[in-house]
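Colleague: The following block contains the structure, expressed as structure tokens.
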Amino acid sequence: MDDPRNGAVEATEDNHRTSKKPKLTRPISEPEIRQEFSHHQPGVARINNGSFGSCPRSVLTAQNSWQLRFLQQPDDFFFNTLRNGILDSRAAIKDLINADNVDEVSLVDNATTAAAIVLQQIGRRFAQGSFCKNDTVIMFHCAYQAVKKSIEAYVSPVGGSVVEVQLPFPVHSDEEIVAEFKKGLERGKANGGRVRLAIIDHITSMPSIVLPVRELIRVCREQEVDQVFVDGAHAIGSVRVDVKEIGADFYVSNLYKWFFSPPSVAFLYCKKSSDVHHPVVSQEYGKGLPIESSWVGMRDYSPQLVVPSILEFVNRFEGGIEGIMKRNHDGVVKMGTMLAETWGTILGSPPEMCASMIMVGLPSRLCVMSDDDAFRLRSYLRVHHRIEVPIYYQAFRNGDKDPRDKDGLITGYVRISYQVYNTVDDYHRLQNAINQLLEDKENLQ
């Protein structure tokens, strides 16, 4: 019997059969990779794939084909093509994430939409009196800002409270994170309340760390947390995602960040949950989230239709998506280590706690002392050196335990990404730009 993880879906009325991974005749060459991303603006060191992702030319061609098919005969496309095309993409994602059934997989715009879906459900339960006023939602302090705003919009007005757990950073081990999370759960249960939802990033955005999601979810189950929502916005394409092993009730990941889709599409996995709805209500309301999400009114659905073409692209690489993940992880660790050694600083986490992004300490002499300083440095690198990279400010927290270089406390970090189109020169440009900035500061003194 075919193992679903090898690309087969059990054939039923609701599951389309997808093709097995094709045998690789010749791995994609470096010039071919350059050609796939030749639409990128020349001369820019794009080491920020984590924010907006990247889409290869062959997938953009497939997207354009879908768009033209709709424009040529929209009525036929709507009635006879769209639903089946989205189902094919959902079935492919089902195999990738090892879900039990395609009905557990919905395609939505992005992780922000998925957060709204989950948190609207929590808000309704508070409003209906199913939850008590001192019940809580728990998350790490560095949760994505849109997730925090969804709590502010849907949960706080109806009586829910929030516990924010401080993520240790720089971090040295999974155990540090689990210990802080357990303290947060205790705060959430104070005064007789219950933790109704835990929001856990698979890979945090800023600072970027791969969290021990399976262990954190195990703790949630032990502590009788009602539901767990994993925000894996950066996950698919950069770490292995097996929703059965992870064990969350809800899991979302953007396909456009590390899985080469055009903007904007994400999958939302829901385990045995029938009371979640798309925030945009159409005539499909009440037919289940996968169907509700497949039609939210007139819009461009082509990003949801190109998943089979993405698989064709990634399978051109040796090892497929697993080979790409290893290539990117090894590359970002090597480049991050090179930068830290050159600047005499540190990495923000051990290599095993990063995926395709890593935090690298900036020299203390840059004096990144606020979020505004970080933003100014990022803008400077873009305008004057054509380097795109996020900068993170880390305030003093632990006194003598705060990291230092030879000149003082390290408070600024770059978050570098590594994707298949990146070259060593991109990171040497960043290295040289920072060194030049330090030299200029010294000459001005």
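In the structure tokens, chains take letters A, B, ... by order of appearance, with residues numbered from 1 within each chain and ligands from 1 in the order shown.
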Produce a table with one row for each residue of segment 254-313 of chain A that has an atom at most 12 Å from any atom of segment 323-345 of chain A, each row naming the nearest atom pair and its distance in Å at one decimal; use only C-alpha atoms; arrange rows by chain and rising residue number; format as CSV.

Modeller:
residue,atom,partner,partner_atom,distance
A:Trp258,CA,A:Met325,CA,9.1
A:Phe259,CA,A:Ile324,CA,9.9
A:Phe260,CA,A:Ile324,CA,11.3
A:Phe313,CA,A:Ile324,CA,11.0

Colleague: For those residues, write all heavy atoms to a file as a compact mmCIF listing (two decimals), in the first residue's frame.

Modeller:
# COMPACT_ATOMS: atom_id res chain seq x y z
N TRP A 258 8.81 30.10 2.06
CA TRP A 258 9.89 29.16 1.81
C TRP A 258 9.50 28.02 0.89
O TRP A 258 10.28 27.10 0.68
CB TRP A 258 10.40 28.60 3.15
CG TRP A 258 11.04 29.67 3.97
CD1 TRP A 258 10.50 30.38 5.01
CD2 TRP A 258 12.37 30.18 3.82
NE1 TRP A 258 11.38 31.30 5.49
CE2 TRP A 258 12.56 31.20 4.79
CE3 TRP A 258 13.43 29.89 2.96
CZ2 TRP A 258 13.75 31.91 4.92
CZ3 TRP A 258 14.62 30.60 3.09
CH2 TRP A 258 14.76 31.59 4.07
N PHE A 259 8.29 28.09 0.31
CA PHE A 259 7.83 27.01 -0.55
C PHE A 259 7.55 27.50 -1.97
O PHE A 259 6.87 26.84 -2.73
CB PHE A 259 6.60 26.32 0.05
CG PHE A 259 6.30 24.97 -0.53
CD1 PHE A 259 7.19 23.93 -0.38
CD2 PHE A 259 5.13 24.76 -1.22
CE1 PHE A 259 6.92 22.68 -0.93
CE2 PHE A 259 4.83 23.51 -1.77
CZ PHE A 259 5.74 22.47 -1.62
N PHE A 260 8.05 28.69 -2.31
CA PHE A 260 8.15 29.15 -3.70
C PHE A 260 6.83 29.49 -4.37
O PHE A 260 6.77 29.60 -5.59
CB PHE A 260 8.89 28.11 -4.57
CG PHE A 260 10.27 27.78 -4.08
CD1 PHE A 260 10.55 26.56 -3.48
CD2 PHE A 260 11.31 28.69 -4.21
CE1 PHE A 260 11.82 26.24 -3.02
CE2 PHE A 260 12.59 28.39 -3.77
CZ PHE A 260 12.85 27.16 -3.17
N PHE A 313 8.94 22.09 -9.50
CA PHE A 313 10.17 22.88 -9.35
C PHE A 313 11.06 22.29 -8.27
O PHE A 313 12.26 22.06 -8.50
CB PHE A 313 9.83 24.33 -9.03
CG PHE A 313 11.03 25.16 -8.68
CD1 PHE A 313 11.93 25.55 -9.65
CD2 PHE A 313 11.26 25.54 -7.35
CE1 PHE A 313 13.06 26.31 -9.32
CE2 PHE A 313 12.38 26.30 -7.02
CZ PHE A 313 13.27 26.68 -8.00

Colleague: Contacts of Thr411 of chain A at 7 Å or less, counting only C-alpha atoms, minus same-chain residues fewer than 2 places along, as number ranges by chain?

Modeller: A: 364, 368-369, 393-395, 409, 413

Colleague: Could you take the residues named above and write them with all heavy atoms, as a PDB file, in the first residue's frame?

Modeller:
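Wrote it out as again-v2.pdb, contents follow:
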ATOM      1  N   SER A 364      29.069  45.920  18.854  1.00  0.00           N
ATOM      2  CA  SER A 364      28.468  46.863  19.805  1.00  0.00           C
ATOM      3  C   SER A 364      28.768  48.306  19.434  1.00  0.00           C
ATOM      4  O   SER A 364      28.007  49.215  19.780  1.00  0.00           O
ATOM      5  CB  SER A 364      28.958  46.561  21.220  1.00  0.00           C
ATOM      6  OG  SER A 364      30.368  46.731  21.308  1.00  0.00           O
ATOM      7  N   VAL A 368      23.350  50.133  18.339  1.00  0.00           N
ATOM      8  CA  VAL A 368      21.924  49.905  18.077  1.00  0.00           C
ATOM      9  C   VAL A 368      21.244  49.860  19.443  1.00  0.00           C
ATOM     10  O   VAL A 368      21.257  48.849  20.133  1.00  0.00           O
ATOM     11  CB  VAL A 368      21.699  48.601  17.295  1.00  0.00           C
ATOM     12  CG1 VAL A 368      20.203  48.354  17.083  1.00  0.00           C
ATOM     13  CG2 VAL A 368      22.436  48.645  15.960  1.00  0.00           C
ATOM     14  N   MET A 369      20.631  50.978  19.843  1.00  0.00           N
ATOM     15  CA  MET A 369      20.109  51.119  21.205  1.00  0.00           C
ATOM     16  C   MET A 369      18.596  51.279  21.252  1.00  0.00           C
ATOM     17  O   MET A 369      18.036  51.587  22.310  1.00  0.00           O
ATOM     18  CB  MET A 369      20.775  52.315  21.896  1.00  0.00           C
ATOM     19  CG  MET A 369      22.293  52.215  21.959  1.00  0.00           C
ATOM     20  SD  MET A 369      22.879  50.713  22.803  1.00  0.00           S
ATOM     21  CE  MET A 369      22.344  51.071  24.475  1.00  0.00           C
ATOM     22  N   TYR A 393      16.608  44.776  17.512  1.00  0.00           N
ATOM     23  CA  TYR A 393      17.152  45.380  18.729  1.00  0.00           C
ATOM     24  C   TYR A 393      16.766  44.538  19.934  1.00  0.00           C
ATOM     25  O   TYR A 393      15.593  44.219  20.133  1.00  0.00           O
ATOM     26  CB  TYR A 393      16.619  46.803  18.906  1.00  0.00           C
ATOM     27  CG  TYR A 393      16.807  47.363  20.311  1.00  0.00           C
ATOM     28  CD1 TYR A 393      18.085  47.580  20.814  1.00  0.00           C
ATOM     29  CD2 TYR A 393      15.711  47.659  21.111  1.00  0.00           C
ATOM     30  CE1 TYR A 393      18.257  48.074  22.100  1.00  0.00           C
ATOM     31  CE2 TYR A 393      15.870  48.164  22.394  1.00  0.00           C
ATOM     32  CZ  TYR A 393      17.154  48.365  22.888  1.00  0.00           C
ATOM     33  OH  TYR A 393      17.325  48.848  24.159  1.00  0.00           O
ATOM     34  N   GLN A 394      17.758  44.163  20.733  1.00  0.00           N
ATOM     35  CA  GLN A 394      17.539  43.383  21.954  1.00  0.00           C
ATOM     36  C   GLN A 394      17.956  44.228  23.160  1.00  0.00           C
ATOM     37  O   GLN A 394      19.126  44.552  23.334  1.00  0.00           O
ATOM     38  CB  GLN A 394      18.375  42.100  21.930  1.00  0.00           C
ATOM     39  CG  GLN A 394      18.399  41.314  23.231  1.00  0.00           C
ATOM     40  CD  GLN A 394      17.065  40.667  23.548  1.00  0.00           C
ATOM     41  OE1 GLN A 394      16.378  40.181  22.662  1.00  0.00           O
ATOM     42  NE2 GLN A 394      16.688  40.663  24.804  1.00  0.00           N
ATOM     43  N   ALA A 395      16.982  44.619  23.966  1.00  0.00           N
ATOM     44  CA  ALA A 395      17.272  45.445  25.139  1.00  0.00           C
ATOM     45  C   ALA A 395      18.047  44.652  26.185  1.00  0.00           C
ATOM     46  O   ALA A 395      18.006  43.422  26.222  1.00  0.00           O
ATOM     47  CB  ALA A 395      15.962  45.966  25.737  1.00  0.00           C
ATOM     48  N   LEU A 409      28.305  45.734  25.201  1.00  0.00           N
ATOM     49  CA  LEU A 409      27.155  44.837  25.132  1.00  0.00           C
ATOM     50  C   LEU A 409      26.586  44.783  23.718  1.00  0.00           C
ATOM     51  O   LEU A 409      26.470  45.816  23.040  1.00  0.00           O
ATOM     52  CB  LEU A 409      26.074  45.306  26.100  1.00  0.00           C
ATOM     53  CG  LEU A 409      26.428  45.173  27.599  1.00  0.00           C
ATOM     54  CD1 LEU A 409      25.439  45.955  28.449  1.00  0.00           C
ATOM     55  CD2 LEU A 409      26.418  43.699  28.001  1.00  0.00           C
ATOM     56  N   TYR A 413      21.161  42.843  16.157  1.00  0.00           N
ATOM     57  CA  TYR A 413      21.343  41.579  15.436  1.00  0.00           C
ATOM     58  C   TYR A 413      20.800  41.734  14.018  1.00  0.00           C
ATOM     59  O   TYR A 413      19.820  42.458  13.792  1.00  0.00           O
ATOM     60  CB  TYR A 413      20.582  40.432  16.117  1.00  0.00           C
ATOM     61  CG  TYR A 413      21.121  40.052  17.475  1.00  0.00           C
ATOM     62  CD1 TYR A 413      20.805  40.809  18.607  1.00  0.00           C
ATOM     63  CD2 TYR A 413      21.954  38.951  17.635  1.00  0.00           C
ATOM     64  CE1 TYR A 413      21.309  40.479  19.851  1.00  0.00           C
ATOM     65  CE2 TYR A 413      22.453  38.603  18.882  1.00  0.00           C
ATOM     66  CZ  TYR A 413      22.128  39.372  19.984  1.00  0.00           C
ATOM     67  OH  TYR A 413      22.627  39.038  21.217  1.00  0.00           O
TER      68      TYR A 413
END

Colleague: So which residues touch Gln120 of chain A within 9 Å, counting only C-alpha atoms, skipping near sequence neighbours fewer than 4 positions away, as a ChimeraX atom specification?

Modeller: /A:115-116,124-125,150-151,153-155,276-277,279

Colleague: Could you list, as a ChimeraX atom specification, every residue within 9 Å of Glu322 of chain A, counting only C-alpha atoms and ignoring same-chain residues fewer than 5 positions away?

Modeller: /A:237-240,327

Colleague: Let me see the file: selected residues, all heavy atoms, as a PDB file, in the first residue's frame.

Modeller:
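Written file, selection11.pdb:
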ATOM      1  N   GLY A 237       8.844  24.172   3.845  1.00  0.00           N
ATOM      2  CA  GLY A 237       9.951  24.501   2.953  1.00  0.00           C
ATOM      3  C   GLY A 237      11.234  24.815   3.680  1.00  0.00           C
ATOM      4  O   GLY A 237      12.296  24.876   3.049  1.00  0.00           O
ATOM      5  N   SER A 238      11.160  25.013   5.011  1.00  0.00           N
ATOM      6  CA  SER A 238      12.402  25.263   5.756  1.00  0.00           C
ATOM      7  C   SER A 238      12.614  24.257   6.882  1.00  0.00           C
ATOM      8  O   SER A 238      13.749  24.049   7.317  1.00  0.00           O
ATOM      9  CB  SER A 238      12.447  26.689   6.313  1.00  0.00           C
ATOM     10  OG  SER A 238      11.410  26.919   7.228  1.00  0.00           O
ATOM     11  N   VAL A 239      11.547  23.639   7.388  1.00  0.00           N
ATOM     12  CA  VAL A 239      11.659  22.534   8.342  1.00  0.00           C
ATOM     13  C   VAL A 239      10.632  21.474   7.962  1.00  0.00           C
ATOM     14  O   VAL A 239       9.645  21.757   7.284  1.00  0.00           O
ATOM     15  CB  VAL A 239      11.438  22.967   9.814  1.00  0.00           C
ATOM     16  CG1 VAL A 239      12.557  23.868  10.303  1.00  0.00           C
ATOM     17  CG2 VAL A 239      10.076  23.635   9.982  1.00  0.00           C
ATOM     18  N   ARG A 240      10.851  20.273   8.425  1.00  0.00           N
ATOM     19  CA  ARG A 240       9.894  19.197   8.175  1.00  0.00           C
ATOM     20  C   ARG A 240       8.622  19.466   8.972  1.00  0.00           C
ATOM     21  O   ARG A 240       8.673  19.783  10.158  1.00  0.00           O
ATOM     22  CB  ARG A 240      10.508  17.860   8.591  1.00  0.00           C
ATOM     23  CG  ARG A 240       9.604  16.652   8.405  1.00  0.00           C
ATOM     24  CD  ARG A 240      10.412  15.374   8.632  1.00  0.00           C
ATOM     25  NE  ARG A 240       9.544  14.206   8.679  1.00  0.00           N
ATOM     26  CZ  ARG A 240       9.043  13.692   9.792  1.00  0.00           C
ATOM     27  NH1 ARG A 240       9.317  14.259  10.966  1.00  0.00           N
ATOM     28  NH2 ARG A 240       8.273  12.619   9.748  1.00  0.00           N
ATOM     29  N   ARG A 327      20.236  22.273   2.161  1.00  0.00           N
ATOM     30  CA  ARG A 327      21.098  23.246   1.480  1.00  0.00           C
ATOM     31  C   ARG A 327      20.987  24.613   2.147  1.00  0.00           C
ATOM     32  O   ARG A 327      22.005  25.276   2.429  1.00  0.00           O
ATOM     33  CB  ARG A 327      20.675  23.321   0.014  1.00  0.00           C
ATOM     34  CG  ARG A 327      21.308  24.444  -0.799  1.00  0.00           C
ATOM     35  CD  ARG A 327      20.607  24.577  -2.143  1.00  0.00           C
ATOM     36  NE  ARG A 327      21.095  25.721  -2.915  1.00  0.00           N
ATOM     37  CZ  ARG A 327      21.620  25.644  -4.124  1.00  0.00           C
ATOM     38  NH1 ARG A 327      21.752  24.473  -4.726  1.00  0.00           N
ATOM     39  NH2 ARG A 327      22.012  26.734  -4.764  1.00  0.00           N
TER      40      ARG A 327
END

Colleague: From a DSSP calculation on the backbone, collect every residue of segment 220-421 of chain A in alpha helix (DSSP H) and output the set as a PyMOL selection string.

Modeller: chain A and resi 220-222+243-246+255-258+289-294+302-305+307-314+320-343+371-385

Colleague: Which residues come within 12 Å of segment 381-391 of chain A, counting only C-alpha atoms, excluding same-chain residues fewer than 3 positions away, as a JSON list (two decimals) with C-alpha atoms, in the first residue's frame?

Modeller:
[["chain", "number", "residue", "atom", "x", "y", "z"],
["A", 41, "GLN", "CA", 16.21, 43.21, -9.32],
["A", 42, "PRO", "CA", 19.89, 43.05, -10.32],
["A", 43, "GLY", "CA", 22.51, 44.22, -7.87],
["A", 44, "VAL", "CA", 20.42, 43.76, -4.72],
["A", 45, "ALA", "CA", 21.67, 41.41, -2.00],
["A", 46, "ARG", "CA", 18.35, 39.76, -1.04],
["A", 47, "ILE", "CA", 19.13, 38.10, 2.28],
["A", 48, "ASN", "CA", 15.62, 38.61, 3.63],
["A", 49, "ASN", "CA", 13.71, 35.77, 1.98],
["A", 50, "GLY", "CA", 11.91, 35.27, 5.30],
["A", 51, "SER", "CA", 9.72, 38.35, 4.90],
["A", 52, "PHE", "CA", 8.22, 38.00, 1.42],
["A", 205, "SER", "CA", 10.01, 35.79, 13.18],
["A", 206, "MET", "CA", 12.08, 38.28, 15.21],
["A", 207, "PRO", "CA", 14.23, 37.02, 16.77],
["A", 208, "SER", "CA", 14.20, 33.93, 14.58],
["A", 357, "MET", "CA", 17.30, 32.05, 8.99],
["A", 358, "ILE", "CA", 19.76, 32.83, 11.76],
["A", 359, "MET", "CA", 20.39, 35.76, 14.08],
["A", 360, "VAL", "CA", 23.91, 37.24, 14.04],
["A", 361, "GLY", "CA", 25.10, 39.76, 16.61],
["A", 362, "LEU", "CA", 26.24, 43.13, 15.29],
["A", 366, "LEU", "CA", 27.27, 50.37, 15.97],
["A", 368, "VAL", "CA", 21.92, 49.90, 18.08],
["A", 369, "MET", "CA", 20.11, 51.12, 21.20],
["A", 370, "SER", "CA", 16.47, 51.20, 20.11],
["A", 371, "ASP", "CA", 13.99, 49.91, 17.54],
["A", 372, "ASP", "CA", 14.41, 53.24, 15.73],
["A", 373, "ASP", "CA", 18.17, 52.67, 15.50],
["A", 374, "ALA", "CA", 17.52, 49.22, 14.04],
["A", 375, "PHE", "CA", 15.14, 50.64, 11.44],
["A", 376, "ARG", "CA", 17.60, 53.38, 10.47],
["A", 377, "LEU", "CA", 20.40, 50.85, 10.01],
["A", 378, "ARG", "CA", 18.17, 48.65, 7.87],
["A", 394, "GLN", "CA", 17.54, 43.38, 21.95],
["A", 411, "THR", "CA", 22.18, 44.86, 21.41],
["A", 412, "GLY", "CA", 21.78, 44.66, 17.64],
["A", 413, "TYR", "CA", 21.34, 41.58, 15.44],
["A", 414, "VAL", "CA", 20.84, 40.90, 11.74],
["A", 415, "ARG", "CA", 18.42, 38.17, 10.70],
["A", 416, "ILE", "CA", 19.94, 36.64, 7.60],
["A", 417, "SER", "CA", 18.04, 34.27, 5.33],
["A", 418, "TYR", "CA", 19.45, 31.75, 2.88],
["A", 425, "ASP", "CA", 28.81, 37.39, -2.34],
["A", 426, "ASP", "CA", 25.49, 38.53, -0.81],
["A", 427, "TYR", "CA", 26.84, 37.93, 2.68],
["A", 428, "HIS", "CA", 30.30, 39.33, 1.96],
["A", 429, "ARG", "CA", 28.57, 42.54, 0.86],
["A", 430, "LEU", "CA", 26.82, 42.71, 4.25],
["A", 431, "GLN", "CA", 30.08, 41.96, 6.04],
["A", 432, "ASN", "CA", 31.92, 44.70, 4.15],
["A", 433, "ALA", "CA", 29.11, 47.25, 4.56],
["A", 434, "ILE", "CA", 29.14, 46.84, 8.35],
["A", 436, "GLN", "CA", 32.90, 50.14, 6.34],
["A", 437, "LEU", "CA", 30.33, 51.70, 8.65]]

Colleague: Can you tell me which residues surround Glu104 of chain A at a distance of at most 12 Å, considering only C-alpha atoms, apart from same-chain residues fewer than 2 positions away, and format the answer as a PyMOL selection string?

Modeller: chain A and resi 14-15+87+90-91+93-95+97-102+106-107+243-244+249-252+267-274+276+288-291

Colleague: Give the strand (DSSP E) residues of segment 242-360 of chain A, as assigned by DSSP on the backbone, as a ChimeraX atom specification.

Modeller: /A:250-254,266-270,357-360

Colleague: Hey, which of A:Asn435, A:Leu347, A:Gln63, A:Tyr301 ends up closest to Phe77 of chain A? Count only C-alpha atoms.

Modeller: A:Tyr301
